[in-house]
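See below for work30.csv, which holds CSV, C-alpha atoms and all ligand atoms.
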```
chain,number,residue,atom,x,y,z
A,1,MET,CA,-19.8,17.1,-16.2
A,2,THR,CA,-21.2,13.7,-17.3
A,3,SER,CA,-22.0,11.4,-14.4
A,4,SER,CA,-21.2,7.7,-14.4
A,5,PRO,CA,-23.9,5.0,-14.1
A,6,PRO,CA,-23.0,4.3,-10.5
A,7,ASP,CA,-23.3,8.0,-9.7
A,8,GLN,CA,-26.7,8.1,-11.4
A,9,ARG,CA,-27.8,5.1,-9.3
A,10,LEU,CA,-26.6,6.9,-6.2
A,11,THR,CA,-28.4,10.2,-7.0
A,12,ARG,CA,-31.6,8.4,-7.9
A,13,ALA,CA,-31.5,6.6,-4.5
A,14,VAL,CA,-31.0,10.0,-2.7
A,15,ALA,CA,-33.9,11.5,-4.7
A,16,ARG,CA,-36.2,8.6,-3.7
A,17,ALA,CA,-35.1,9.1,-0.1
A,18,TYR,CA,-36.1,12.8,-0.4
A,19,GLU,CA,-39.5,11.8,-1.7
A,20,ARG,CA,-40.1,9.4,1.2
A,21,TYR,CA,-39.0,12.1,3.6
A,22,ALA,CA,-41.5,14.6,2.0
A,23,GLU,CA,-44.3,12.1,2.3
A,24,GLN,CA,-43.6,11.4,6.0
A,25,ALA,CA,-42.9,15.0,6.9
A,26,GLY,CA,-46.1,16.1,5.1
A,27,ALA,CA,-48.1,13.5,7.1
A,28,TRP,CA,-46.5,14.5,10.4
A,29,THR,CA,-47.2,18.2,9.7
A,30,ARG,CA,-50.9,17.5,8.8
A,31,ARG,CA,-51.4,15.6,12.0
A,32,PHE,CA,-49.5,18.3,14.0
A,33,THR,CA,-51.6,21.2,12.6
A,34,ALA,CA,-54.8,19.2,12.9
A,35,GLN,CA,-54.0,19.0,16.7
A,36,GLY,CA,-53.6,22.8,16.8
A,37,GLY,CA,-49.8,23.0,16.3
A,38,THR,CA,-48.2,25.6,14.1
A,39,VAL,CA,-45.3,25.2,11.7
A,40,HIS,CA,-44.0,28.8,11.1
A,41,CYS,CA,-42.2,28.2,7.9
A,42,ARG,CA,-43.7,30.0,4.9
A,43,SER,CA,-42.7,30.4,1.3
A,44,GLY,CA,-40.3,33.3,1.0
A,45,CYS,CA,-39.1,33.0,4.5
A,46,VAL,CA,-35.3,33.0,4.1
A,47,HIS,CA,-33.6,33.5,7.5
A,48,CYS,CA,-32.3,29.9,7.5
A,49,CYS,CA,-30.7,30.3,4.1
A,50,ASP,CA,-27.6,31.8,5.7
A,51,PHE,CA,-26.8,28.8,7.8
A,52,PRO,CA,-23.8,26.6,7.0
A,53,VAL,CA,-25.1,23.4,5.4
A,54,ARG,CA,-23.4,20.0,5.7
A,55,VAL,CA,-24.1,17.4,3.0
A,56,SER,CA,-22.9,14.1,1.6
A,57,LEU,CA,-21.2,14.1,-1.8
A,58,ALA,CA,-24.2,12.1,-3.0
A,59,GLU,CA,-26.5,15.0,-2.2
A,60,ALA,CA,-24.1,17.5,-3.7
A,61,LEU,CA,-24.0,15.4,-7.0
A,62,LEU,CA,-27.8,15.5,-7.2
A,63,THR,CA,-27.8,19.3,-6.6
A,64,ALA,CA,-25.0,19.9,-9.1
A,65,SER,CA,-26.8,17.9,-11.8
A,66,GLN,CA,-29.6,20.5,-12.0
A,67,LEU,CA,-27.5,23.7,-11.8
A,68,ASN,CA,-26.6,25.9,-14.7
A,69,GLY,CA,-23.1,27.5,-15.3
A,70,THR,CA,-24.0,30.7,-13.6
A,71,GLN,CA,-25.2,28.9,-10.5
A,72,LEU,CA,-22.1,26.7,-10.5
A,73,ASP,CA,-19.9,29.8,-10.7
A,74,ALA,CA,-21.7,31.3,-7.8
A,75,MET,CA,-21.3,28.0,-5.8
A,76,ARG,CA,-17.6,28.1,-6.6
A,77,ALA,CA,-17.2,31.7,-5.3
A,78,ARG,CA,-19.1,30.8,-2.2
A,79,ALA,CA,-16.9,27.7,-1.6
A,80,ALA,CA,-13.8,29.8,-1.6
A,81,GLN,CA,-15.4,32.1,1.0
A,82,VAL,CA,-16.3,29.1,3.1
A,83,ILE,CA,-12.8,27.7,3.0
A,84,ARG,CA,-11.3,31.2,3.9
A,85,ASN,CA,-13.7,31.4,6.8
A,86,ALA,CA,-12.7,27.9,8.0
A,87,ARG,CA,-9.0,28.7,7.8
A,88,THR,CA,-9.2,31.9,9.8
A,89,ALA,CA,-11.9,31.3,12.3
A,90,GLY,CA,-10.7,30.7,15.9
A,91,SER,CA,-13.7,28.5,16.9
A,92,TRP,CA,-16.8,26.9,15.6
A,93,ASP,CA,-18.9,29.7,17.0
A,94,GLU,CA,-16.8,32.3,15.1
A,95,TYR,CA,-17.0,30.3,11.9
A,96,PHE,CA,-20.8,29.9,12.3
A,97,GLN,CA,-21.4,33.6,13.1
A,98,ARG,CA,-19.2,34.9,10.3
A,99,HIS,CA,-20.8,32.5,7.9
A,100,ARG,CA,-24.2,33.9,8.6
A,101,ARG,CA,-23.2,37.6,9.0
A,102,GLU,CA,-20.5,38.0,6.4
A,103,ILE,CA,-20.9,35.3,3.8
A,104,GLY,CA,-24.6,35.6,4.1
A,105,TYR,CA,-27.3,34.0,2.0
A,106,CYS,CA,-26.8,31.0,-0.2
A,107,PRO,CA,-26.2,31.9,-3.8
A,108,LEU,CA,-29.1,29.6,-4.8
A,109,LEU,CA,-31.5,31.9,-3.0
A,110,ASP,CA,-33.4,34.4,-5.2
A,111,GLN,CA,-33.3,37.3,-2.8
A,112,THR,CA,-36.0,39.2,-4.7
A,113,THR,CA,-38.6,36.5,-4.4
A,114,GLY,CA,-37.3,34.5,-1.4
A,115,ALA,CA,-37.4,31.3,-3.5
A,116,CYS,CA,-34.8,28.6,-3.6
A,117,THR,CA,-33.8,28.3,-7.3
A,118,ALA,CA,-32.8,24.7,-6.7
A,119,TYR,CA,-35.8,23.7,-4.7
A,120,ASP,CA,-36.2,20.2,-6.1
A,121,VAL,CA,-32.6,19.3,-5.5
A,122,ARG,CA,-31.9,21.2,-2.3
A,123,PRO,CA,-30.0,19.2,0.3
A,124,THR,CA,-31.4,17.4,3.3
A,125,ARG,CA,-30.7,20.1,5.8
A,126,CYS,CA,-32.7,22.6,3.8
A,127,ARG,CA,-35.6,20.1,3.8
A,128,ASP,CA,-35.7,19.2,7.5
A,129,THR,CA,-35.4,22.6,9.1
A,130,PHE,CA,-38.7,23.8,10.4
A,131,SER,CA,-39.6,26.2,13.1
A,132,ALA,CA,-42.1,25.7,15.9
A,133,LEU,CA,-41.9,29.4,16.9
A,134,SER,CA,-41.8,32.7,14.9
A,135,ALA,CA,-39.2,33.1,12.2
A,136,HIS,CA,-38.0,36.0,14.2
A,137,TYR,CA,-36.0,33.5,16.2
A,138,CYS,CA,-34.3,32.1,13.1
A,139,ARG,CA,-33.0,35.5,12.0
A,140,VAL,CA,-29.2,36.0,12.6
A,141,GLY,CA,-28.5,37.8,15.8
A,142,THR,CA,-31.9,37.4,17.4
A,143,LEU,CA,-31.0,34.6,19.9
A,144,GLU,CA,-27.6,36.1,20.6
A,145,HIS,CA,-29.1,39.5,21.6
A,146,LEU,CA,-32.0,38.4,23.8
A,147,ASN,CA,-32.0,40.1,27.2
A,148,ARG,CA,-32.5,38.1,30.3
A,149,GLN,CA,-36.3,38.4,30.3
A,150,GLU,CA,-36.6,37.6,26.6
A,151,ARG,CA,-34.3,34.6,27.0
A,152,ALA,CA,-36.5,33.3,29.8
A,153,GLU,CA,-39.6,33.8,27.6
A,154,TYR,CA,-37.9,32.0,24.7
A,155,THR,CA,-36.9,29.1,27.0
A,156,ARG,CA,-40.4,28.8,28.4
A,157,GLU,CA,-42.0,28.8,24.9
A,158,VAL,CA,-39.5,26.2,23.6
A,159,ARG,CA,-40.1,23.9,26.6
A,160,ALA,CA,-43.8,24.3,26.4
A,161,ASN,CA,-43.9,23.4,22.7
A,162,PRO,CA,-44.3,19.6,22.2
A,163,ALA,CA,-42.6,19.8,18.7
A,164,THR,CA,-39.2,20.9,20.0
A,165,ASP,CA,-36.5,19.1,21.9
A,166,GLY,CA,-36.8,21.6,24.7
A,167,LEU,CA,-33.6,23.4,23.8
A,168,SER,CA,-34.2,25.2,20.5
A,169,HIS,CA,-37.3,26.2,18.5
A,170,TYR,CA,-36.7,24.0,15.6
A,171,ILE,CA,-39.1,21.0,15.1
A,172,ALA,CA,-37.3,18.0,16.4
A,173,PRO,CA,-39.4,15.2,14.9
A,174,LEU,CA,-39.1,16.6,11.4
A,175,GLU,CA,-35.3,16.8,11.8
A,176,ASP,CA,-35.1,13.2,13.2
A,177,MET,CA,-37.2,12.0,10.3
A,178,SER,CA,-34.5,12.8,7.8
A,179,GLU,CA,-32.2,10.2,9.3
A,180,PRO,CA,-33.0,7.6,6.6
A,181,VAL,CA,-31.8,10.1,3.9
A,182,TRP,CA,-28.3,10.2,5.6
A,183,THR,CA,-28.4,6.4,5.9
A,184,THR,CA,-29.2,6.1,2.2
A,185,ALA,CA,-26.4,8.5,1.2
A,186,THR,CA,-23.9,6.6,3.4
A,187,ARG,CA,-24.9,3.2,2.0
A,188,GLU,CA,-24.9,4.4,-1.6
A,189,MET,CA,-21.6,6.1,-1.4
A,190,ARG,CA,-20.0,3.0,0.2
A,191,GLN,CA,-21.5,0.8,-2.5
A,192,ALA,CA,-20.6,3.1,-5.4
A,193,TRP,CA,-17.1,4.2,-4.3
A,194,GLY,CA,-16.2,2.2,-1.3
A,195,MET,CA,-15.8,5.4,0.8
A,196,GLU,CA,-17.8,8.4,2.0
A,197,VAL,CA,-17.4,12.1,1.4
A,198,TRP,CA,-19.1,14.6,3.7
A,199,GLY,CA,-18.8,18.3,4.1
A,200,ASP,CA,-19.8,21.8,3.3
A,201,PHE,CA,-22.6,22.0,0.7
A,202,TRP,CA,-21.0,24.7,-1.5
A,203,VAL,CA,-17.5,23.1,-1.4
A,204,LEU,CA,-18.7,19.6,-2.2
A,205,THR,CA,-21.0,20.8,-5.0
A,206,THR,CA,-18.0,22.6,-6.5
A,207,LEU,CA,-15.8,19.5,-6.1
A,208,THR,CA,-18.3,17.4,-8.1
A,209,GLN,CA,-17.4,19.5,-11.1
A,210,ASP,CA,-13.7,18.5,-11.0
A,211,GLY,CA,-12.9,15.5,-13.1
A,212,PRO,CA,-9.7,14.4,-11.3
A,213,PHE,CA,-11.4,14.8,-7.9
A,214,MET,CA,-14.3,12.7,-9.0
A,215,ASP,CA,-12.1,10.1,-10.7
A,216,ALA,CA,-10.2,9.7,-7.4
A,217,VAL,CA,-13.5,9.3,-5.5
A,218,ARG,CA,-14.9,6.8,-8.0
A,219,ALA,CA,-11.7,4.8,-7.6
A,220,GLY,CA,-12.1,4.8,-3.8
A,221,GLN,CA,-8.8,6.7,-3.4
A,222,ALA,CA,-9.3,9.0,-0.4
A,223,ALA,CA,-5.7,10.2,-0.3
A,224,ARG,CA,-5.7,11.1,-4.0
A,225,ALA,CA,-9.1,12.9,-3.6
A,226,THR,CA,-7.8,14.8,-0.6
A,227,LYS,CA,-4.7,15.8,-2.5
A,228,ARG,CA,-6.8,17.1,-5.4
A,229,ALA,CA,-9.1,19.1,-3.2
A,230,ARG,CA,-6.0,20.6,-1.6
A,231,THR,CA,-4.6,21.5,-5.1
A,232,LEU,CA,-7.9,23.2,-5.9
A,233,GLY,CA,-7.8,25.2,-2.6
A,234,LEU,CA,-10.9,23.4,-1.5
A,235,TRP,CA,-9.6,21.5,1.4
A,236,ASN,CA,-9.9,22.1,5.1
A,237,ALA,CA,-10.1,19.3,7.6
A,238,GLU,CA,-13.0,20.9,9.4
A,239,ILE,CA,-15.0,21.3,6.2
A,240,VAL,CA,-14.4,18.2,4.1
A,241,GLU,CA,-14.3,14.6,5.4
A,242,ILE,CA,-13.1,12.0,2.9
A,243,GLY,CA,-12.7,8.3,3.8
B,1,LIG,S1,-36.8,27.5,9.6
B,1,LIG,FE1,-37.2,29.6,10.3
B,1,LIG,S2,-36.3,30.9,8.6
B,1,LIG,FE2,-36.4,28.8,7.8
B,1,LIG,S3,-38.4,28.9,6.7
B,1,LIG,FE3,-38.8,28.1,8.8
B,1,LIG,S4,-39.4,29.9,10.0
B,1,LIG,FE4,-38.4,30.6,8.1
B,2,LIG,S1,-30.2,25.3,-1.3
B,2,LIG,FE1,-32.1,26.6,-1.4
B,2,LIG,S2,-33.1,26.2,0.6
B,2,LIG,FE2,-30.9,25.5,0.8
B,2,LIG,S3,-29.8,27.3,1.6
B,2,LIG,FE3,-29.7,27.4,-0.6
B,2,LIG,S4,-31.4,28.7,-1.3
B,2,LIG,FE4,-31.8,28.0,0.9
```

Show how you would write the structure in this file as structure tokens.
Ligand code: SF4
Ligand code: SF4
Amino acid sequence: MTSSPPDQRLTRAVARAYERYAEQAGAWTRRFTAQGGTVHCRSGCVHCCDFPVRVSLAEALLTASQLNGTQLDAMRARAAQVIRNARTAGSWDEYFQRHRREIGYCPLLDQTTGACTAYDVRPTRCRDTFSALSAHYCRVGTLEHLNRQERAEYTREVRANPATDGLSHYIAPLEDMSEPVWTTATREMRQAWGMEVWGDFWVLTTLTQDGPFMDAVRAGQAARATKRARTLGLWNAEIVEIG
């Protein structure tokens, strides 16, 4: 789908925010490792690629701009799974667990090589998730199945590590540092469309390909956009926020 000039301005602004984040996160990581810290993320480490991912429509537009037809088809199939999961899950925890265990890896992940096939245009959440402890703890099921002693050891390690928030093993400063990307997306969406759209990565990326949906967004008509998402079967109040 051809993007409009305001959409192009918006995606360029998000891309610049990604670049600034990469520079700042790189500098932080160099300082951290020079002081003896370890970032456990490695190329080909994929356990975080089965998490639900929340994005702005601005980020989704940028991702979609670089995907081919096969990838977009896979995103659409995944979006339908996400909506089904949201409609039938009894709680956020059930939604989250089923997403990881049953829906599984992102279709943009090459499961043979462990590479992200959309690396340059992956969303913010995929950029700012780093682990201060072994990737073992990122694997689905690990934290849920720790025995009491293992849980105590995990808690001790997390609290002792200066890069965490003391609650989980993810690196808090690198996550906090992405805040300006969200701010940029918010500002750009408001300027371009007079409204914001946030939600699931695969659902929003799929919605970017629908002309009537994007026309409604570009006209700043939240109710019309919502109605169109409903018609497409891509609406759930927990999954998509328009307004
Ligand atoms: S966050 Fe965890 S699963 Fe993801 S790359 Fe880092 S260590 Fe691997
Ligand atoms: S976009 Fe890339 S990094 Fe993000 S979940 Fe998908 S495969 Fe993983």

Could you jot down the CA of Ala13 in chain A to CA of Thr124 in chain A separation for me, Å, one decimal place? 13.3 Å

One-decimal distance in Å that lies between CA of Cys138 in chain A and CA of Gln97 in chain A: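 A separation of 13.0 Å between them.
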
Which residues, written as number ranges by chain, have at least one atom at most 9 Å from range 215-217 of chain A, with all atoms listed in the file counted and residues fewer than 3 positions away on the same chain left out? A: 193-197, 210-212, 220-226, 228, 242

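Within a radius of 9 Å around (-34.8, 30.3, 6.0), the polymer residues are Cys41, Arg42, Gly44, Cys45, Val46, His47, Cys48, Cys49, Asp50, Phe51, Gly114, Cys126, Thr129, Phe130, Ala135, Cys138 and Arg139 of chain A, counting all atoms listed in the file.
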
For each of A:Ala74, A:Leu10, A:Val39, A:Val158, take the minimum atom-to-atom distance to ligand LIG 2 (chain B), counting only C-alpha atoms and all ligand atoms, then give the residue where this is smallest. A:Ala74

At a cut-off of 12 Å, can you tabulate as a Markdown table every residue of chain A near ligand LIG 2 (chain B) together with its closest atom pair and the distance in Å to one decimal, using all atoms listed in the file and ordering rows by chain then number?
```
| residue | atom | partner | partner_atom | distance |
| --- | --- | --- | --- | --- |
| A:Cys41 | CA | B:LIG2 | S2 | 11.8 |
| A:Ser43 | CA | B:LIG2 | S2 | 10.5 |
| A:Gly44 | CA | B:LIG2 | FE4 | 10.0 |
| A:Cys45 | CA | B:LIG2 | FE4 | 9.6 |
| A:Val46 | CA | B:LIG2 | FE4 | 6.9 |
| A:His47 | CA | B:LIG2 | FE4 | 8.8 |
| A:Cys48 | CA | B:LIG2 | FE4 | 6.9 |
| A:Cys49 | CA | B:LIG2 | S3 | 4.0 |
| A:Asp50 | CA | B:LIG2 | S3 | 6.5 |
| A:Phe51 | CA | B:LIG2 | S3 | 7.0 |
| A:Pro52 | CA | B:LIG2 | S3 | 8.1 |
| A:Val53 | CA | B:LIG2 | S3 | 7.2 |
| A:Arg54 | CA | B:LIG2 | FE2 | 10.5 |
| A:Val55 | CA | B:LIG2 | FE2 | 10.8 |
| A:Glu59 | CA | B:LIG2 | S1 | 11.0 |
| A:Ala60 | CA | B:LIG2 | S1 | 10.2 |
| A:Leu62 | CA | B:LIG2 | S1 | 11.7 |
| A:Thr63 | CA | B:LIG2 | S1 | 8.4 |
| A:Ala64 | CA | B:LIG2 | S1 | 10.8 |
| A:Gln66 | CA | B:LIG2 | S1 | 11.7 |
| A:Leu67 | CA | B:LIG2 | S1 | 11.0 |
| A:Gln71 | CA | B:LIG2 | FE3 | 11.0 |
| A:Ala74 | CA | B:LIG2 | FE3 | 11.4 |
| A:Met75 | CA | B:LIG2 | FE3 | 9.9 |
| A:Arg78 | CA | B:LIG2 | FE3 | 11.2 |
| A:Arg100 | CA | B:LIG2 | S3 | 11.1 |
| A:Gly104 | CA | B:LIG2 | S3 | 10.1 |
| A:Tyr105 | CA | B:LIG2 | S3 | 7.2 |
| A:Cys106 | CA | B:LIG2 | FE3 | 4.6 |
| A:Pro107 | CA | B:LIG2 | FE3 | 6.5 |
| A:Leu108 | CA | B:LIG2 | S4 | 4.3 |
| A:Leu109 | CA | B:LIG2 | S4 | 3.6 |
| A:Asp110 | CA | B:LIG2 | S4 | 7.2 |
| A:Gln111 | CA | B:LIG2 | S4 | 8.9 |
| A:Thr112 | CA | B:LIG2 | S4 | 12.0 |
| A:Thr113 | CA | B:LIG2 | S4 | 11.1 |
| A:Gly114 | CA | B:LIG2 | S4 | 8.3 |
| A:Ala115 | CA | B:LIG2 | S4 | 6.9 |
| A:Cys116 | CA | B:LIG2 | FE1 | 4.0 |
| A:Thr117 | CA | B:LIG2 | FE1 | 6.4 |
| A:Ala118 | CA | B:LIG2 | FE1 | 5.7 |
| A:Tyr119 | CA | B:LIG2 | FE1 | 5.7 |
| A:Asp120 | CA | B:LIG2 | FE1 | 8.9 |
| A:Val121 | CA | B:LIG2 | S1 | 7.7 |
| A:Arg122 | CA | B:LIG2 | S1 | 4.5 |
| A:Pro123 | CA | B:LIG2 | S1 | 6.3 |
| A:Thr124 | CA | B:LIG2 | FE2 | 8.5 |
| A:Arg125 | CA | B:LIG2 | FE2 | 7.4 |
| A:Cys126 | CA | B:LIG2 | FE2 | 4.5 |
| A:Arg127 | CA | B:LIG2 | S2 | 7.3 |
| A:Asp128 | CA | B:LIG2 | S2 | 10.2 |
| A:Thr129 | CA | B:LIG2 | S2 | 9.5 |
| A:Phe130 | CA | B:LIG2 | S2 | 11.5 |
| A:Asp200 | CA | B:LIG2 | S3 | 11.5 |
| A:Phe201 | CA | B:LIG2 | S1 | 8.5 |
| A:Trp202 | CA | B:LIG2 | FE3 | 9.2 |
| A:Thr205 | CA | B:LIG2 | S1 | 10.9 |
```

Take the residues that were just selected and, keeping C-alpha atoms, output them as a PDB file, in the coordinates of the input.
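again11.pdb, written as the output of this step:
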```
ATOM      1  CA  CYS A  41     -42.200  28.200   7.900  1.00  0.00           C
ATOM      2  CA  SER A  43     -42.700  30.400   1.300  1.00  0.00           C
ATOM      3  CA  GLY A  44     -40.300  33.300   1.000  1.00  0.00           C
ATOM      4  CA  CYS A  45     -39.100  33.000   4.500  1.00  0.00           C
ATOM      5  CA  VAL A  46     -35.300  33.000   4.100  1.00  0.00           C
ATOM      6  CA  HIS A  47     -33.600  33.500   7.500  1.00  0.00           C
ATOM      7  CA  CYS A  48     -32.300  29.900   7.500  1.00  0.00           C
ATOM      8  CA  CYS A  49     -30.700  30.300   4.100  1.00  0.00           C
ATOM      9  CA  ASP A  50     -27.600  31.800   5.700  1.00  0.00           C
ATOM     10  CA  PHE A  51     -26.800  28.800   7.800  1.00  0.00           C
ATOM     11  CA  PRO A  52     -23.800  26.600   7.000  1.00  0.00           C
ATOM     12  CA  VAL A  53     -25.100  23.400   5.400  1.00  0.00           C
ATOM     13  CA  ARG A  54     -23.400  20.000   5.700  1.00  0.00           C
ATOM     14  CA  VAL A  55     -24.100  17.400   3.000  1.00  0.00           C
ATOM     15  CA  GLU A  59     -26.500  15.000  -2.200  1.00  0.00           C
ATOM     16  CA  ALA A  60     -24.100  17.500  -3.700  1.00  0.00           C
ATOM     17  CA  LEU A  62     -27.800  15.500  -7.200  1.00  0.00           C
ATOM     18  CA  THR A  63     -27.800  19.300  -6.600  1.00  0.00           C
ATOM     19  CA  ALA A  64     -25.000  19.900  -9.100  1.00  0.00           C
ATOM     20  CA  GLN A  66     -29.600  20.500 -12.000  1.00  0.00           C
ATOM     21  CA  LEU A  67     -27.500  23.700 -11.800  1.00  0.00           C
ATOM     22  CA  GLN A  71     -25.200  28.900 -10.500  1.00  0.00           C
ATOM     23  CA  ALA A  74     -21.700  31.300  -7.800  1.00  0.00           C
ATOM     24  CA  MET A  75     -21.300  28.000  -5.800  1.00  0.00           C
ATOM     25  CA  ARG A  78     -19.100  30.800  -2.200  1.00  0.00           C
ATOM     26  CA  ARG A 100     -24.200  33.900   8.600  1.00  0.00           C
ATOM     27  CA  GLY A 104     -24.600  35.600   4.100  1.00  0.00           C
ATOM     28  CA  TYR A 105     -27.300  34.000   2.000  1.00  0.00           C
ATOM     29  CA  CYS A 106     -26.800  31.000  -0.200  1.00  0.00           C
ATOM     30  CA  PRO A 107     -26.200  31.900  -3.800  1.00  0.00           C
ATOM     31  CA  LEU A 108     -29.100  29.600  -4.800  1.00  0.00           C
ATOM     32  CA  LEU A 109     -31.500  31.900  -3.000  1.00  0.00           C
ATOM     33  CA  ASP A 110     -33.400  34.400  -5.200  1.00  0.00           C
ATOM     34  CA  GLN A 111     -33.300  37.300  -2.800  1.00  0.00           C
ATOM     35  CA  THR A 112     -36.000  39.200  -4.700  1.00  0.00           C
ATOM     36  CA  THR A 113     -38.600  36.500  -4.400  1.00  0.00           C
ATOM     37  CA  GLY A 114     -37.300  34.500  -1.400  1.00  0.00           C
ATOM     38  CA  ALA A 115     -37.400  31.300  -3.500  1.00  0.00           C
ATOM     39  CA  CYS A 116     -34.800  28.600  -3.600  1.00  0.00           C
ATOM     40  CA  THR A 117     -33.800  28.300  -7.300  1.00  0.00           C
ATOM     41  CA  ALA A 118     -32.800  24.700  -6.700  1.00  0.00           C
ATOM     42  CA  TYR A 119     -35.800  23.700  -4.700  1.00  0.00           C
ATOM     43  CA  ASP A 120     -36.200  20.200  -6.100  1.00  0.00           C
ATOM     44  CA  VAL A 121     -32.600  19.300  -5.500  1.00  0.00           C
ATOM     45  CA  ARG A 122     -31.900  21.200  -2.300  1.00  0.00           C
ATOM     46  CA  PRO A 123     -30.000  19.200   0.300  1.00  0.00           C
ATOM     47  CA  THR A 124     -31.400  17.400   3.300  1.00  0.00           C
ATOM     48  CA  ARG A 125     -30.700  20.100   5.800  1.00  0.00           C
ATOM     49  CA  CYS A 126     -32.700  22.600   3.800  1.00  0.00           C
ATOM     50  CA  ARG A 127     -35.600  20.100   3.800  1.00  0.00           C
ATOM     51  CA  ASP A 128     -35.700  19.200   7.500  1.00  0.00           C
ATOM     52  CA  THR A 129     -35.400  22.600   9.100  1.00  0.00           C
ATOM     53  CA  PHE A 130     -38.700  23.800  10.400  1.00  0.00           C
ATOM     54  CA  ASP A 200     -19.800  21.800   3.300  1.00  0.00           C
ATOM     55  CA  PHE A 201     -22.600  22.000   0.700  1.00  0.00           C
ATOM     56  CA  TRP A 202     -21.000  24.700  -1.500  1.00  0.00           C
ATOM     57  CA  THR A 205     -21.000  20.800  -5.000  1.00  0.00           C
TER      58      THR A 205
END
```

Determine the nearest neighbour of ligand LIG 1 (chain B) from the options A:Thr70, A:Val82, A:Ala77, A:Ser168, counting all atoms listed in the file. A:Ser168

Quick one: residues within 9 Å of Thr29 in chain A, only C-alpha atoms counted, chain neighbours fewer than 6 positions away excluded, as a ChimeraX atom specification? /A:37-39,174

Among listed residues A:His136, A:Arg190, A:Arg159, A:Arg230, nearest ligand LIG 1 (chain B) (using all atoms listed in the file): A:His136

As an exercise, work out the distance from CA of Gln8 in chain A to CA of Gly69 in chain A in Å and give it to one decimal place. 20.1 Å

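Shortest separation to Ser56 in chain A among A:Trp198, A:Leu234, A:Leu204, A:Thr142 occurs at residue A:Trp198, atoms counted being all atoms listed in the file.
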
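Taking all atoms listed in the file into account, ligand LIG 1 (chain B) lies nearest to A:Ser131 out of the set A:Thr33, A:Leu72, A:Ala22, A:Ser131.
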
Taking only residues of range 18-137 of chain A that have an atom at most 12 Å from an atom of range 152-156 of chain A, what is each one's shortest atom pair and its distance in Å to one decimal, using only C-alpha atoms, in chain and number order, as CSV?
```
residue,atom,partner,partner_atom,distance
A:Ala132,CA,A:Tyr154,CA,11.6
A:Leu133,CA,A:Tyr154,CA,9.1
A:Ser134,CA,A:Tyr154,CA,10.6
A:His136,CA,A:Tyr154,CA,11.2
A:Tyr137,CA,A:Tyr154,CA,8.8
```

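If you measure from each of A:Asp93, A:His40, A:Leu61, A:Ala34 to ligand LIG 1 (chain B) using only C-alpha atoms and all ligand atoms, the closest one turns out to be A:His40.
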
Residues around (-41.6, 12.1, 0.2), cut-off 12 Å, counting only C-alpha atoms - what are they as a list in words?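 Residues close enough to count: Val14, Ala15, Arg16, Ala17, Tyr18, Glu19, Arg20, Tyr21, Ala22, Glu23, Gln24, Ala25, Gly26, Ala27, Trp28, Asp120, Thr124, Arg127, Asp128, Met177, Ser178, Pro180 and Val181 of chain A.
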
Go ahead and save the residues from that selection, with C-alpha atoms, as a compact mmCIF listing (two decimals), in the frame of the given file.
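Contents of the output file result-v8.txt:
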```
# COMPACT_ATOMS: atom_id res chain seq x y z
CA VAL A 14 -31.00 10.00 -2.70
CA ALA A 15 -33.90 11.50 -4.70
CA ARG A 16 -36.20 8.60 -3.70
CA ALA A 17 -35.10 9.10 -0.10
CA TYR A 18 -36.10 12.80 -0.40
CA GLU A 19 -39.50 11.80 -1.70
CA ARG A 20 -40.10 9.40 1.20
CA TYR A 21 -39.00 12.10 3.60
CA ALA A 22 -41.50 14.60 2.00
CA GLU A 23 -44.30 12.10 2.30
CA GLN A 24 -43.60 11.40 6.00
CA ALA A 25 -42.90 15.00 6.90
CA GLY A 26 -46.10 16.10 5.10
CA ALA A 27 -48.10 13.50 7.10
CA TRP A 28 -46.50 14.50 10.40
CA ASP A 120 -36.20 20.20 -6.10
CA THR A 124 -31.40 17.40 3.30
CA ARG A 127 -35.60 20.10 3.80
CA ASP A 128 -35.70 19.20 7.50
CA MET A 177 -37.20 12.00 10.30
CA SER A 178 -34.50 12.80 7.80
CA PRO A 180 -33.00 7.60 6.60
CA VAL A 181 -31.80 10.10 3.90
```
